$ cat structure.cif   # mmCIF, C-alpha atoms (C1' of nucleotides)
data_entry
#
loop_
_atom_site.label_atom_id
_atom_site.label_comp_id
_atom_site.auth_asym_id
_atom_site.auth_seq_id
_atom_site.Cartn_x
_atom_site.Cartn_y
_atom_site.Cartn_z
CA MET N 1 -11.37 -49.95 -14.56
CA GLN N 2 -9.79 -48.21 -11.64
CA VAL N 3 -6.18 -48.33 -12.51
CA LYS N 4 -4.08 -48.03 -9.44
CA GLU N 5 -0.84 -49.17 -10.87
CA GLU N 6 2.21 -47.35 -9.70
CA ALA N 7 0.51 -46.73 -6.41
CA GLU N 8 1.92 -43.32 -5.54
CA ARG N 9 0.99 -41.88 -8.88
CA ALA N 10 -2.70 -41.82 -7.95
CA ARG N 11 -3.15 -38.31 -6.59
CA PRO N 12 -6.05 -37.23 -4.47
CA LYS N 13 -8.04 -34.23 -5.50
CA ARG N 14 -6.91 -32.60 -2.34
CA ASP N 15 -3.30 -32.35 -3.23
CA ARG N 16 -1.12 -30.40 -0.89
CA GLU N 17 1.76 -30.06 -3.29
CA ALA N 18 -0.44 -29.17 -6.22
CA THR N 19 -2.21 -26.36 -4.41
CA ARG N 20 1.05 -25.16 -2.99
CA ARG N 21 2.41 -24.95 -6.48
CA ARG N 22 -0.71 -23.28 -7.80
CA ILE N 23 -0.40 -20.60 -5.13
CA LEU N 24 3.28 -20.21 -5.88
CA ASP N 25 2.68 -19.88 -9.61
CA ALA N 26 -0.12 -17.40 -9.14
CA SER N 27 2.08 -15.38 -6.81
CA ARG N 28 4.95 -15.32 -9.25
CA ASP N 29 2.73 -14.05 -12.03
CA LEU N 30 0.95 -11.47 -9.93
CA PHE N 31 3.96 -10.16 -8.02
CA GLY N 32 5.78 -9.89 -11.31
CA GLU N 33 3.01 -7.91 -12.85
CA HIS N 34 1.89 -5.66 -10.04
CA GLY N 35 4.63 -5.71 -7.44
CA TYR N 36 4.38 -6.66 -3.82
CA ASP N 37 1.96 -3.95 -2.88
CA GLY N 38 -0.21 -4.22 -5.92
CA VAL N 39 -1.10 -7.79 -5.07
CA THR N 40 -3.42 -8.88 -2.29
CA VAL N 41 -3.59 -12.29 -0.72
CA ARG N 42 -7.13 -12.51 -1.99
CA MET N 43 -5.97 -11.91 -5.54
CA ILE N 44 -3.44 -14.70 -5.20
CA ALA N 45 -5.99 -17.06 -3.77
CA ALA N 46 -8.47 -16.26 -6.52
CA ARG N 47 -5.91 -16.81 -9.26
CA ALA N 48 -4.76 -20.06 -7.69
CA GLU N 49 -8.37 -21.14 -7.16
CA ALA N 50 -7.59 -21.66 -3.53
CA ASN N 51 -8.72 -20.24 -0.26
CA THR N 52 -7.07 -17.27 1.35
CA ALA N 53 -6.31 -19.19 4.48
CA LEU N 54 -4.33 -21.75 2.53
CA VAL N 55 -1.87 -19.09 1.51
CA HIS N 56 -1.08 -18.55 5.14
CA ARG N 57 -1.22 -22.19 6.00
CA TYR N 58 1.40 -23.06 3.43
CA PHE N 59 3.57 -19.99 3.45
CA GLY N 60 3.01 -18.30 6.76
CA SER N 61 2.68 -14.74 5.54
CA LYS N 62 2.49 -12.68 2.40
CA ALA N 63 6.07 -11.50 2.83
CA ALA N 64 7.34 -15.05 3.31
CA LEU N 65 5.51 -16.12 0.19
CA PHE N 66 7.12 -13.28 -1.68
CA GLY N 67 10.50 -14.42 -0.51
CA GLU N 68 9.82 -17.96 -1.62
CA VAL N 69 8.75 -16.77 -5.04
CA LEU N 70 11.86 -14.68 -5.36
CA ALA N 71 14.05 -17.60 -4.37
CA GLY N 72 12.75 -19.54 -7.35
CA GLU N 73 14.04 -17.01 -9.84
CA SER N 74 17.61 -16.65 -10.92
CA LEU N 75 17.81 -15.83 -14.61
CA LEU N 76 20.57 -13.30 -14.34
CA ARG N 77 23.00 -15.68 -12.73
CA GLU N 78 23.58 -17.56 -15.95
CA VAL N 79 24.08 -14.31 -17.81
CA ILE N 80 26.75 -13.16 -15.43
CA ALA N 81 28.57 -16.46 -15.32
CA GLY N 82 30.85 -17.05 -18.27
CA GLU N 83 33.85 -15.45 -19.79
CA PRO N 84 34.61 -12.18 -17.97
CA ASP N 85 35.77 -10.36 -21.09
CA SER N 86 32.41 -10.53 -22.80
CA LEU N 87 30.45 -9.87 -19.63
CA PRO N 88 29.40 -6.34 -20.66
CA ARG N 89 28.09 -7.61 -23.95
CA ARG N 90 26.17 -10.43 -22.31
CA LEU N 91 24.58 -7.96 -19.91
CA ALA N 92 23.69 -5.68 -22.80
CA GLU N 93 22.17 -8.54 -24.74
CA HIS N 94 20.20 -9.54 -21.70
CA PHE N 95 18.96 -5.98 -21.30
CA VAL N 96 17.90 -5.78 -24.94
CA ALA N 97 16.33 -9.22 -24.85
CA GLN N 98 14.15 -8.07 -21.98
CA LEU N 99 12.91 -5.21 -24.10
CA TYR N 100 11.35 -7.68 -26.44
CA ARG N 101 9.69 -9.79 -23.83
CA PRO N 102 6.16 -8.70 -23.09
CA SER N 103 6.81 -8.09 -19.44
CA GLY N 104 10.47 -8.62 -18.69
CA THR N 105 11.64 -11.30 -16.34
CA PRO N 106 9.44 -11.84 -13.33
CA VAL N 107 12.29 -11.22 -10.96
CA SER N 108 13.23 -7.92 -12.56
CA ARG N 109 9.68 -6.71 -12.38
CA MET N 110 9.48 -7.78 -8.80
CA LEU N 111 12.66 -6.02 -7.84
CA ASP N 112 11.46 -3.01 -9.71
CA ARG N 113 7.94 -2.78 -8.51
CA SER N 114 8.26 -3.90 -4.94
CA ALA N 115 10.79 -1.39 -3.88
CA GLY N 116 9.01 0.65 -1.29
CA GLN N 117 7.86 -1.68 1.41
CA PRO N 118 10.07 -2.29 4.42
CA GLU N 119 8.53 -5.72 4.79
CA VAL N 120 10.23 -7.06 1.70
CA GLN N 121 13.18 -4.73 1.54
CA GLU N 122 15.48 -7.11 3.29
CA ILE N 123 14.34 -10.00 1.16
CA LEU N 124 14.99 -7.95 -1.96
CA LEU N 125 18.37 -6.85 -0.70
CA HIS N 126 19.60 -10.36 -0.13
CA HIS N 127 18.31 -11.50 -3.45
CA LEU N 128 19.91 -8.62 -5.25
CA ARG N 129 23.21 -9.31 -3.61
CA ASP N 130 23.13 -13.02 -4.28
CA ILE N 131 21.84 -12.82 -7.82
CA ILE N 132 23.58 -9.77 -9.21
CA VAL N 133 26.19 -8.03 -7.12
CA GLU N 134 28.21 -10.88 -5.72
CA PRO N 135 28.35 -12.85 -8.97
CA LEU N 136 29.42 -9.68 -10.73
CA ILE N 137 32.18 -9.04 -8.25
CA GLU N 138 33.53 -12.52 -8.77
CA GLN N 139 33.98 -11.72 -12.43
CA LEU N 140 35.88 -8.53 -11.79
CA ASP N 141 39.56 -7.91 -11.34
CA GLY N 142 41.22 -4.88 -9.90
CA PRO N 143 40.23 -2.41 -7.21
CA ASP N 144 36.78 -1.09 -6.41
CA ALA N 145 35.16 -4.23 -7.72
CA ARG N 146 32.14 -3.71 -5.52
CA ALA N 147 31.64 -0.14 -6.59
CA ARG N 148 31.93 -1.11 -10.24
CA ALA N 149 29.42 -3.89 -9.74
CA HIS N 150 27.08 -1.37 -8.16
CA LEU N 151 27.32 0.91 -11.15
CA ALA N 152 26.43 -1.92 -13.49
CA THR N 153 23.57 -2.79 -11.18
CA THR N 154 22.39 0.78 -11.51
CA ILE N 155 21.91 0.29 -15.23
CA ILE N 156 20.19 -3.02 -14.73
CA MET N 157 17.82 -1.68 -12.13
CA GLY N 158 17.15 1.51 -14.00
CA GLY N 159 15.55 -0.54 -16.71
CA GLY N 160 12.60 -1.19 -14.46
CA PRO N 161 11.42 2.36 -13.85
CA LEU N 162 12.26 3.15 -17.44
CA ARG N 163 10.00 0.44 -18.74
CA ARG N 164 7.26 1.24 -16.30
CA LEU N 165 7.17 4.98 -16.74
CA LEU N 166 8.43 5.73 -20.20
CA GLY N 167 7.59 2.51 -21.94
CA LEU N 168 9.87 0.69 -24.28
CA HIS N 169 8.55 1.92 -27.55
CA ASP N 170 11.34 4.37 -28.19
CA LEU N 171 14.06 1.90 -27.36
CA ARG N 172 12.50 -0.81 -29.49
CA ALA N 173 12.34 1.58 -32.40
CA THR N 174 16.10 1.84 -32.61
CA ASP N 175 18.33 -0.65 -34.33
CA GLN N 176 18.79 -3.60 -32.04
CA ALA N 177 22.45 -4.12 -32.83
CA ALA N 178 23.25 -0.46 -32.30
CA LEU N 179 21.38 -0.50 -29.02
CA THR N 180 23.28 -3.55 -27.87
CA ASP N 181 26.57 -1.89 -28.78
CA ARG N 182 25.64 1.21 -26.86
CA LEU N 183 24.63 -0.73 -23.79
CA THR N 184 27.80 -2.79 -24.05
CA ALA N 185 29.76 0.43 -23.94
CA MET N 186 27.77 1.56 -20.91
CA PHE N 187 28.38 -1.69 -19.04
CA THR N 188 32.03 -1.62 -20.05
CA ALA N 189 32.38 1.89 -18.69
CA ALA N 190 30.83 0.72 -15.45
CA LEU N 191 32.80 -2.48 -15.04
CA ALA N 192 36.19 -2.12 -16.72
CA ALA N 193 39.24 -2.27 -14.51
CA PRO N 194 40.69 1.18 -13.82
CA ALA N 195 44.10 0.88 -15.44
CA ASP N 196 42.84 -1.24 -18.27
CA HIS N 197 42.44 1.44 -20.85
CA MET O 1 3.47 45.45 24.52
CA GLN O 2 1.38 44.16 21.67
CA VAL O 3 3.22 45.39 18.66
CA LYS O 4 1.01 45.62 15.65
CA GLU O 5 3.18 47.75 13.46
CA GLU O 6 3.33 46.96 9.77
CA ALA O 7 -0.30 46.00 9.74
CA GLU O 8 -0.27 43.10 7.28
CA ARG O 9 2.69 41.49 8.96
CA ALA O 10 0.50 40.58 11.91
CA ARG O 11 -0.69 37.18 10.87
CA PRO O 12 -3.70 35.51 12.33
CA LYS O 13 -3.20 32.17 13.96
CA ARG O 14 -5.53 30.77 11.37
CA ASP O 15 -3.44 31.37 8.32
CA ARG O 16 -4.53 29.68 5.16
CA GLU O 17 -1.27 30.15 3.32
CA ALA O 18 0.84 29.14 6.27
CA THR O 19 -1.04 25.90 6.79
CA ARG O 20 -1.00 25.18 3.11
CA ARG O 21 2.72 25.57 3.11
CA ARG O 22 3.14 23.47 6.21
CA ILE O 23 1.21 20.66 4.58
CA LEU O 24 3.22 21.04 1.41
CA ASP O 25 6.52 20.96 3.26
CA ALA O 26 5.52 17.96 5.31
CA SER O 27 4.43 16.18 2.16
CA ARG O 28 7.68 16.89 0.38
CA ASP O 29 9.69 15.49 3.25
CA LEU O 30 7.55 12.45 3.78
CA PHE O 31 6.99 11.54 0.14
CA GLY O 32 10.70 11.93 -0.41
CA GLU O 33 11.50 9.63 2.44
CA HIS O 34 8.85 6.95 2.17
CA GLY O 35 7.34 7.25 -1.29
CA TYR O 36 3.75 7.81 -2.22
CA ASP O 37 2.47 4.61 -0.70
CA GLY O 38 4.53 4.77 2.42
CA VAL O 39 2.92 8.00 3.43
CA THR O 40 -0.60 8.37 4.74
CA VAL O 41 -2.65 11.51 4.81
CA ARG O 42 -2.69 11.20 8.56
CA MET O 43 1.09 11.18 8.66
CA ILE O 44 1.17 14.34 6.59
CA ALA O 45 -1.39 16.04 8.78
CA ALA O 46 0.45 15.07 11.93
CA ARG O 47 3.78 16.34 10.64
CA ALA O 48 2.17 19.58 9.46
CA GLU O 49 0.31 19.90 12.75
CA ALA O 50 -2.89 20.21 10.81
CA ASN O 51 -6.09 18.29 10.49
CA THR O 52 -6.54 15.52 7.98
CA ALA O 53 -9.50 17.24 6.42
CA LEU O 54 -7.42 20.29 5.64
CA VAL O 55 -5.22 18.26 3.37
CA HIS O 56 -8.22 17.51 1.26
CA ARG O 57 -9.66 20.97 1.58
CA TYR O 58 -6.53 22.57 0.21
CA PHE O 59 -5.33 19.96 -2.24
CA GLY O 60 -8.34 17.88 -3.15
CA SER O 61 -6.74 14.48 -2.88
CA LYS O 62 -3.56 12.75 -1.88
CA ALA O 63 -2.57 12.21 -5.50
CA ALA O 64 -3.15 15.84 -6.38
CA LEU O 65 -1.04 16.87 -3.41
CA PHE O 66 1.70 14.57 -4.61
CA GLY O 67 1.55 16.18 -8.01
CA GLU O 68 1.79 19.63 -6.50
CA VAL O 69 4.79 18.61 -4.45
CA LEU O 70 6.46 17.17 -7.51
CA ALA O 71 5.81 20.32 -9.50
CA GLY O 72 7.82 22.30 -6.98
CA GLU O 73 10.98 20.34 -7.65
CA SER O 74 13.17 20.73 -10.68
CA LEU O 75 16.82 20.39 -9.74
CA LEU O 76 17.87 18.34 -12.71
CA ARG O 77 16.78 20.91 -15.24
CA GLU O 78 19.66 23.19 -14.44
CA VAL O 79 22.08 20.31 -14.64
CA ILE O 80 20.93 19.35 -18.09
CA ALA O 81 20.89 22.87 -19.46
CA GLY O 82 24.33 24.13 -20.47
CA GLU O 83 26.99 23.23 -22.90
CA PRO O 84 26.08 19.94 -24.65
CA ASP O 85 29.66 18.67 -24.82
CA SER O 86 30.09 18.51 -21.09
CA LEU O 87 26.62 17.18 -20.44
CA PRO O 88 27.78 13.67 -19.50
CA ARG O 89 30.20 15.09 -16.99
CA ARG O 90 27.58 17.35 -15.46
CA LEU O 91 25.22 14.39 -15.12
CA ALA O 92 27.98 12.34 -13.53
CA GLU O 93 28.81 15.12 -11.11
CA HIS O 94 25.18 15.44 -10.22
CA PHE O 95 24.98 11.71 -9.62
CA VAL O 96 28.03 11.75 -7.39
CA ALA O 97 26.88 14.84 -5.57
CA GLN O 98 23.68 13.04 -4.67
CA LEU O 99 25.70 10.27 -3.12
CA TYR O 100 26.96 12.68 -0.56
CA ARG O 101 23.65 14.18 0.34
CA PRO O 102 22.01 12.41 3.23
CA SER O 103 18.94 11.48 1.26
CA GLY O 104 19.35 12.54 -2.33
CA THR O 105 17.12 15.10 -3.92
CA PRO O 106 13.52 14.90 -2.86
CA VAL O 107 12.35 14.52 -6.40
CA SER O 108 14.66 11.62 -7.13
CA ARG O 109 13.52 9.82 -4.05
CA MET O 110 9.95 10.45 -4.98
CA LEU O 111 10.40 9.17 -8.49
CA ASP O 112 12.22 6.21 -7.14
CA ARG O 113 9.97 5.26 -4.31
CA SER O 114 6.60 6.04 -5.73
CA ALA O 115 6.91 4.11 -8.91
CA GLY O 116 4.40 1.38 -8.41
CA GLN O 117 1.06 3.05 -7.92
CA PRO O 118 -1.17 3.64 -10.92
CA GLU O 119 -2.64 6.67 -9.20
CA VAL O 120 0.52 8.70 -9.54
CA GLN O 121 2.06 6.96 -12.51
CA GLU O 122 0.77 9.52 -14.96
CA ILE O 123 1.93 12.37 -12.78
CA LEU O 124 5.37 10.81 -12.54
CA LEU O 125 5.49 10.16 -16.25
CA HIS O 126 4.80 13.74 -17.16
CA HIS O 127 7.27 15.00 -14.64
CA LEU O 128 9.95 12.62 -15.84
CA ARG O 129 9.40 13.68 -19.42
CA ASP O 130 9.40 17.37 -18.69
CA ILE O 131 12.30 17.36 -16.25
CA ILE O 132 14.66 14.80 -17.73
CA VAL O 133 13.86 13.28 -21.08
CA GLU O 134 12.78 16.26 -23.16
CA PRO O 135 15.53 18.58 -21.90
CA LEU O 136 18.04 15.84 -22.64
CA ILE O 137 16.75 15.38 -26.16
CA GLU O 138 17.10 19.07 -26.82
CA GLN O 139 20.79 18.77 -26.05
CA LEU O 140 21.35 15.87 -28.41
CA ASP O 141 22.25 15.81 -32.05
CA GLY O 142 21.95 12.93 -34.45
CA PRO O 143 19.52 10.05 -34.75
CA ASP O 144 17.85 8.12 -31.97
CA ALA O 145 18.05 11.08 -29.66
CA ARG O 146 15.07 9.86 -27.70
CA ALA O 147 16.45 6.38 -27.26
CA ARG O 148 19.80 7.78 -26.13
CA ALA O 149 18.05 10.04 -23.66
CA HIS O 150 16.20 7.02 -22.32
CA LEU O 151 19.42 5.16 -21.75
CA ALA O 152 20.85 8.05 -19.78
CA THR O 153 17.60 8.19 -17.83
CA THR O 154 18.09 4.53 -17.03
CA ILE O 155 21.31 5.33 -15.23
CA ILE O 156 19.74 8.26 -13.41
CA MET O 157 16.76 6.27 -12.29
CA GLY O 158 18.80 3.24 -11.38
CA GLY O 159 20.44 5.29 -8.68
CA GLY O 160 17.26 5.19 -6.67
CA PRO O 161 16.87 1.46 -6.20
CA LEU O 162 20.64 1.22 -5.81
CA ARG O 163 20.62 3.64 -2.91
CA ARG O 164 17.56 2.12 -1.35
CA LEU O 165 18.59 -1.49 -1.52
CA LEU O 166 22.36 -1.61 -1.58
CA GLY O 167 23.17 1.60 0.17
CA LEU O 168 25.82 4.02 -0.90
CA HIS O 169 28.61 2.96 1.35
CA ASP O 170 30.53 1.09 -1.30
CA LEU O 171 30.27 3.88 -3.84
CA ARG O 172 31.27 6.49 -1.33
CA ALA O 173 34.31 4.48 -0.41
CA THR O 174 35.80 4.85 -3.87
CA ASP O 175 37.74 7.84 -5.05
CA GLN O 176 35.29 10.57 -5.93
CA ALA O 177 37.14 11.75 -9.01
CA ALA O 178 37.51 8.23 -10.36
CA LEU O 179 33.82 7.60 -9.77
CA THR O 180 32.89 10.76 -11.62
CA ASP O 181 35.10 9.77 -14.52
CA ARG O 182 33.51 6.36 -14.69
CA LEU O 183 30.01 7.76 -14.60
CA THR O 184 30.96 10.32 -17.22
CA ALA O 185 32.02 7.46 -19.45
CA MET O 186 28.74 5.70 -18.79
CA PHE O 187 26.68 8.77 -19.65
CA THR O 188 28.84 9.40 -22.69
CA ALA O 189 28.26 5.86 -23.90
CA ALA O 190 24.56 6.41 -23.46
CA LEU O 191 24.31 9.80 -25.07
CA ALA O 192 27.06 10.19 -27.69
CA ALA O 193 26.00 10.59 -31.29
CA PRO O 194 26.40 7.36 -33.27
CA ALA O 195 28.99 8.39 -35.85
CA ASP O 196 30.83 10.62 -33.46
CA HIS O 197 33.56 8.25 -32.46
"C1'" DA R 1 -18.37 -48.98 7.36
"C1'" DT R 2 -16.04 -46.20 10.56
"C1'" DC R 3 -12.58 -43.29 12.19
"C1'" DT R 4 -8.66 -40.21 11.79
"C1'" DT R 5 -6.23 -36.88 9.76
"C1'" DA R 6 -5.11 -33.35 6.76
"C1'" DT R 7 -7.05 -30.28 3.21
"C1'" DG R 8 -10.12 -26.85 2.12
"C1'" DT R 9 -13.73 -23.24 3.36
"C1'" DA R 10 -16.53 -19.31 5.13
"C1'" DG R 11 -16.41 -15.81 7.82
"C1'" DA R 12 -14.91 -12.87 11.10
"C1'" DC R 13 -11.18 -9.98 13.39
"C1'" DA R 14 -8.65 -5.94 14.03
"C1'" DC R 15 -6.62 -2.50 11.71
"C1'" DC R 16 -5.61 0.97 8.27
"C1'" DT R 17 -6.77 3.62 4.13
"C1'" DG R 18 -8.49 8.11 1.63
"C1'" DT R 19 -12.25 10.88 2.01
"C1'" DT R 20 -16.37 13.42 3.68
"C1'" DT R 21 -19.64 15.39 6.85
"C1'" DA R 22 -21.40 18.04 10.56
"C1'" DC R 23 -19.72 20.87 13.71
"C1'" DT R 24 -16.86 24.45 16.42
"C1'" DT R 25 -13.91 28.29 16.74
"C1'" DG R 26 -11.43 32.37 15.81
"C1'" DC R 27 -10.88 36.56 12.89
"C1'" DA R 28 -12.51 40.87 10.93
"C1'" DA R 29 -15.93 44.13 9.51
"C1'" DC R 30 -19.97 46.55 11.00
"C1'" DG G 1 -21.01 43.48 20.97
"C1'" DT G 2 -22.97 41.12 17.07
"C1'" DT G 3 -22.71 38.85 12.89
"C1'" DG G 4 -20.73 36.55 8.65
"C1'" DC G 5 -17.42 33.81 6.99
"C1'" DA G 6 -13.29 31.33 6.52
"C1'" DA G 7 -10.21 28.10 9.14
"C1'" DG G 8 -9.94 24.24 11.82
"C1'" DT G 9 -11.73 19.98 14.20
"C1'" DA G 10 -13.67 15.38 15.55
"C1'" DA G 11 -15.78 11.69 14.04
"C1'" DA G 12 -17.53 8.84 11.02
"C1'" DC G 13 -17.88 6.46 6.34
"C1'" DA G 14 -17.03 2.90 3.09
"C1'" DG G 15 -13.85 0.09 1.57
"C1'" DG G 16 -9.67 -2.70 1.71
"C1'" DT G 17 -5.79 -5.15 4.11
"C1'" DG G 18 -3.27 -9.39 6.20
"C1'" DT G 19 -4.37 -12.81 9.27
"C1'" DC G 20 -6.77 -16.22 12.13
"C1'" DT G 21 -10.42 -19.29 13.94
"C1'" DA G 22 -14.12 -22.53 13.84
"C1'" DC G 23 -16.07 -25.57 10.88
"C1'" DA G 24 -16.94 -28.85 6.73
"C1'" DT G 25 -15.20 -32.42 3.83
"C1'" DA G 26 -12.61 -35.68 1.32
"C1'" DA G 27 -8.90 -39.38 1.49
"C1'" DG G 28 -6.68 -43.39 3.38
"C1'" DA G 29 -6.23 -46.79 7.05
"C1'" DT G 30 -8.56 -49.81 10.10
#
$ encode --input "structure.cif" --output "structure tokens"
Amino acid sequence: MQVKEEAERARPKRDREATRRRILDASRDLFGEHGYDGVTVRMIAARAEANTALVHRYFGSKAALFGEVLAGESLLREVIAGEPDSLPRRLAEHFVAQLYRPSGTPVSRMLDRSAGQPEVQEILLHHLRDIIVEPLIEQLDGPDARARAHLATTIIMGGGPLRRLLGLHDLRATDQAALTDRLTAMFTAALAAPADH
Amino acid sequence: MQVKEEAERARPKRDREATRRRILDASRDLFGEHGYDGVTVRMIAARAEANTALVHRYFGSKAALFGEVLAGESLLREVIAGEPDSLPRRLAEHFVAQLYRPSGTPVSRMLDRSAGQPEVQEILLHHLRDIIVEPLIEQLDGPDARARAHLATTIIMGGGPLRRLLGLHDLRATDQAALTDRLTAMFTAALAAPADH
DNA sequence: ATCTTATGTAGACACCTGTTTACTTGCAAC
DNA sequence: GTTGCAAGTAAACAGGTGTCTACATAAGAT
């Protein structure tokens, strides 16, 4: 009865890759929900049904694990890529879409909630550059492209504290189409080329 | 040689009010620079040249101290008050002005850097409402005033993470007037009454 | 069946946190 | 001077943190 066909498919109960993934998944969920500081290695281990020491065995340190989690997330990239003319609208739609997700994208919550600690600041910086700023700049013509990208990033990043502190109830209450239009106008104001108007 | 004229002016070396103020000042600086979590009571005490226990004697707890510090700051209120028509421009000018301060306003840094912790979340929420959102709403006509105020708040709050992670170099490099114009357009897009255009 | 190796585990380590307690010291009135 | 009281101090408390070490255990090859 012991099927052993396909040889490699028969996994041991001690599965390095499986536990690694379980830890990674648990970390993504927890970091997304509580931020870097709000999560302890013991919480991660408990959620992943693994031992604390395994977290360090497989990822070296909490900060390194955080970095690895962050590297696995890149939702915004697809939003930014595409036709430059409708970029503001796509960003606005993305912003609004996040309002109607229960907890936003994991990466946005992470960026938002893990701001303080110097340990992860550099990790966050690189991610932010690679995921948002640089792709934005590539879509922009004209001078001050970097500054304009930073202004758009301001709106994107402001959504985090807004959600966390003020809640989203009041934004959800408004007409979705009108909200999208308004945000489109905001992103347009941030991104549009200077002599374009 | 011991002058003791003006009686009350001769302060004892053990001065309750003076120490209280020293602790308060130290807290404002440190919370502003490192956020709620990045500051320990011992750091505050050291900076204030006071004992750790005094912090608790005078303020009860770290969170209460944070609240008291926050209560002493209200720069934005004056910016928001004034003629409603030029509100977006005043907000933009305030935003730009902060770029050229070495570390922004203490309150903005605090709001920005202390976002995560549940202990101070309620304190921050009330402050944010009282200082930014409600005053903004009072300046707005038309429907969805609260939602529009939230969008403007998004821009304001996004400045924090922007500064912290990306730095301000690229924004400073651009023409100050052009930057103000662009931000004015962003705030206008956020705040303008729906049927106004 | 035995041995080897990697996976998983329990527990400690060293440190830091906010907070409190028991104590000392200086000031001011008597 | 002596005393009462507020201001200040040192040290501990109780809990939590990331990290590491010594050990147990299951899997796969011999």
$ atom_distance --input "structure.cif" --atom1 "CA of Met43 (chain N)" --atom2 "CA of Ile23 (chain N)"
10.3 Å
$ atom_distance --input "structure.cif" --atom1 "CA of Glu49 (chain O)" --atom2 "C1' of DA11 (chain G)"
18.1 Å
$ calpha_fit_rmsd --input "structure.cif" --fixed "chain O" --moving "chain N"
0.6 Å
$ residues_around --input "structure.cif" --residues "region 12-26 of chain G" --least-positions-apart "3" --cutoff "9 Å" --atoms "all atoms listed in the file" --output "list in words"
Pro12, Lys13, Arg14, Thr40, Val41, Ala53, His56, Ser61 and Lys62 of chain N; DT7, DG8, DT9, DA10, DA12, DC13, DC15, DC16, DT17, DT19, DT20 and DT21 of chain R
$ write_last_selection --input "structure.cif" --atoms "C-alpha atoms (C1' of nucleotides)" --output "compact mmCIF listing (two decimals), in the coordinates of the input"
# COMPACT_ATOMS: atom_id res chain seq x y z
CA PRO N 12 -6.05 -37.23 -4.47
CA LYS N 13 -8.04 -34.23 -5.50
CA ARG N 14 -6.91 -32.60 -2.34
CA THR N 40 -3.42 -8.88 -2.29
CA VAL N 41 -3.59 -12.29 -0.72
CA ALA N 53 -6.31 -19.19 4.48
CA HIS N 56 -1.08 -18.55 5.14
CA SER N 61 2.68 -14.74 5.54
CA LYS N 62 2.49 -12.68 2.40
C1' DT R 7 -7.05 -30.28 3.21
C1' DG R 8 -10.12 -26.85 2.12
C1' DT R 9 -13.73 -23.24 3.36
C1' DA R 10 -16.53 -19.31 5.13
C1' DA R 12 -14.91 -12.87 11.10
C1' DC R 13 -11.18 -9.98 13.39
C1' DC R 15 -6.62 -2.50 11.71
C1' DC R 16 -5.61 0.97 8.27
C1' DT R 17 -6.77 3.62 4.13
C1' DT R 19 -12.25 10.88 2.01
C1' DT R 20 -16.37 13.42 3.68
C1' DT R 21 -19.64 15.39 6.85
$ resolve_selection --input "structure.cif" --expression "the PyMOL selection byres ((chain N and resi 24-29) around 10)" --output "ChimeraX atom specification"
/N:18-23,30-36,39-41,43-49,55,58-59,62,65-66,68-70,72-73,106-107,110
$ write_last_selection --input "structure.cif" --atoms "C-alpha atoms" --output "short mmCIF file (atom, residue, chain, number, x, y, z; two decimals), in the frame of the given file"
data_model
loop_
_atom_site.label_atom_id
_atom_site.label_comp_id
_atom_site.auth_asym_id
_atom_site.auth_seq_id
_atom_site.Cartn_x
_atom_site.Cartn_y
_atom_site.Cartn_z
CA ALA N 18 -0.44 -29.17 -6.22
CA THR N 19 -2.21 -26.36 -4.41
CA ARG N 20 1.05 -25.16 -2.99
CA ARG N 21 2.41 -24.95 -6.48
CA ARG N 22 -0.71 -23.28 -7.80
CA ILE N 23 -0.40 -20.60 -5.13
CA LEU N 30 0.95 -11.47 -9.93
CA PHE N 31 3.96 -10.16 -8.02
CA GLY N 32 5.78 -9.89 -11.31
CA GLU N 33 3.01 -7.91 -12.85
CA HIS N 34 1.89 -5.66 -10.04
CA GLY N 35 4.63 -5.71 -7.44
CA TYR N 36 4.38 -6.66 -3.82
CA VAL N 39 -1.10 -7.79 -5.07
CA THR N 40 -3.42 -8.88 -2.29
CA VAL N 41 -3.59 -12.29 -0.72
CA MET N 43 -5.97 -11.91 -5.54
CA ILE N 44 -3.44 -14.70 -5.20
CA ALA N 45 -5.99 -17.06 -3.77
CA ALA N 46 -8.47 -16.26 -6.52
CA ARG N 47 -5.91 -16.81 -9.26
CA ALA N 48 -4.76 -20.06 -7.69
CA GLU N 49 -8.37 -21.14 -7.16
CA VAL N 55 -1.87 -19.09 1.51
CA TYR N 58 1.40 -23.06 3.43
CA PHE N 59 3.57 -19.99 3.45
CA LYS N 62 2.49 -12.68 2.40
CA LEU N 65 5.51 -16.12 0.19
CA PHE N 66 7.12 -13.28 -1.68
CA GLU N 68 9.82 -17.96 -1.62
CA VAL N 69 8.75 -16.77 -5.04
CA LEU N 70 11.86 -14.68 -5.36
CA GLY N 72 12.75 -19.54 -7.35
CA GLU N 73 14.04 -17.01 -9.84
CA PRO N 106 9.44 -11.84 -13.33
CA VAL N 107 12.29 -11.22 -10.96
CA MET N 110 9.48 -7.78 -8.80
#
$ atom_distance --input "structure.cif" --atom1 "CA of Leu165 (chain O)" --atom2 "CA of Ala97 (chain O)"
18.8 Å
$ interface_residues --input "structure.cif" --of "chain G" --to "chain O" --cutoff "8 Å" --atoms "all atoms listed in the file" --output "number ranges by chain"
G: 7-9
$ closest_residue --input "structure.cif" --among "R:DA1, R:DA6, R:DT24, R:DG18" --to "chain O" --atoms "only C-alpha atoms (C1' of nucleotides)"
R:DG18
$ axis_aligned_box --input "structure.cif" --around "region 18-29 of chain G" --padding-each-side "5 Å" --output "JSON"
{"center_x": -10.1, "center_y": -28.1, "center_z": 7.6, "size_x": 23.7, "size_y": 47.4, "size_z": 22.6}
